[in-house]
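As structure tokens, the structure follows; a few thoughts come after it.
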Amino acid sequence: MSSFRIAVFASGQGSNFQALVEAASNGKLGGSIELLVSDKPQAPVVQKAQSAGIQCHLFQPKEYPSREAYEQEIVEKLNNLKIDLIVLAGYMRLLTPVIVEAYAGRLINIHPSLLPAFPGKNAIGQALDYGVTLTGITVHFVDGGMDTGPIIAQRAVEISASDTPETLSESIHELEQQLYPGVVSWFAKGLVKLEGRKVTIDAKVCRENTGFMSEN
Ligand code: GRF
């Protein structure tokens with residue numbers, strides 16, 4: 001059994017999922033992806049998981065009496081697989097305390113803006129509509145709110161006058177695919193510490209032990 005066991009939750013394309021799978025297979029993640037959880041059985045991410053031979057837990061929310069009911073089932077699955085870290089990668093559902101409390105401190109998300117700016121849906125469109133010249137990406141712990149948990153790492157992306165939702169989305173995705181596997185590898189090495197809202201990372205050890213961007 002691999003020592004650091006990861007579950008990814010995703011609902012869409014799965015470009016971040018794929019980047020995590022590739023980092024795991026070339027030994028850069030420091031752990032193994034044991035499970036994909038998806039509320040969209042037809043989503044491209046599910047095909048990616050199947051091609052990579054990763055176990056999937058697929059469900060249709062409307063077949064359950066409540067969010068808590070399907071989350072309880074997920075928690076049982078996570079516990080059975082001895083999951084150490086839940087990585088949300090485009091999972092389009094708010095989590096209830098059933099998962100958030102069971103996996104507090106072991107549950108992270110990536111969001112395509114510099115939080116706390118532009119939380120929620122369509123962050124890239126929100127940033128363009130607002131007219132900011134700088135946006136970016138944020139990896140954060142998940143709490144009960146909408147993109148409100150303690151911030152682990154951020155990277156900025158400049159918006160140029162010629163950017164469209166498509167070009168900006170491409171730059172953001174590219175950066176996400178570099179940063180997210182790196183952050184997961186910090187967790188695998190036990191480098192991330194959380195005290196209140198303050199997150200600290202042993203940057204020196206990161207730099208020595210991973211091939212990823214390491215400064216926070
Ligand atoms: C990413 O932009 C991520 O920041 C957001 O959802 C998107 C997922 O993209 N939470 P993908 O499915 O990984 O391609």
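Letters A, B, ... mark the chains of the structure tokens in the order given; residue numbers begin at 1 per chain; ligand numbers begin at 1, in order shown.
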
Q: Using only C-alpha atoms and all ligand atoms, determine which residues fall within 6 Å of ligand 1, then list them as a list in words.
A: Gly12, Gln13, Gly14, Ser15, Asn16, Phe17, Ala89, Gly90, Ile110, His111, Pro112 and His173 of chain A

Q: Any chance you could list, as number ranges by chain, the residues in segment 85-189 of chain A that come up strand (DSSP E) when DSSP is run on the backbone?
A: A: 85-88, 107-111, 134-141, 151-158

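Counting only C-alpha atoms, the residue from A:Ser169, A:Gln60, A:Thr96, A:Thr148 that sits nearest to Ala117 of chain A is A:Thr148.
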
Q) From the set A:Arg106, A:His57, A:His140, A:Lys121, which residue has the shortest atom-to-atom contact distance to Asp84 of chain A, counting only C-alpha atoms? A) A:Arg106

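A straight line drawn from atom CA of Glu166 of chain A to atom CA of Gly120 of chain A is 18.5 Å long.
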
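Every protein, DNA or RNA residue with an atom at most 10 Å from Ile159 of chain A, where only C-alpha atoms count and chain neighbours fewer than 5 positions away do not, is listed here: Ala127, Leu128, Gly131, Val132, Thr133, Leu134, Thr135, Gly136, Thr164, Thr167, Leu168 and Ser171 of chain A.
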
Selection file, C-alpha atoms, as a short mmCIF file (atom, residue, chain, number, x, y, z; two decimals), in the first residue's frame:
data_model
loop_
_atom_site.label_atom_id
_atom_site.label_comp_id
_atom_site.auth_asym_id
_atom_site.auth_seq_id
_atom_site.Cartn_x
_atom_site.Cartn_y
_atom_site.Cartn_z
CA ALA A 127 -12.10 38.95 -13.44
CA LEU A 128 -12.41 39.98 -17.11
CA GLY A 131 -11.42 44.86 -15.55
CA VAL A 132 -8.58 43.78 -13.26
CA THR A 133 -5.16 43.61 -14.93
CA LEU A 134 -3.88 40.89 -12.64
CA THR A 135 -5.63 37.65 -11.69
CA GLY A 136 -4.30 34.17 -10.96
CA THR A 164 -10.40 36.69 -24.17
CA THR A 167 -6.86 32.77 -23.87
CA LEU A 168 -6.99 33.66 -20.19
CA SER A 171 -2.94 30.56 -19.31
#
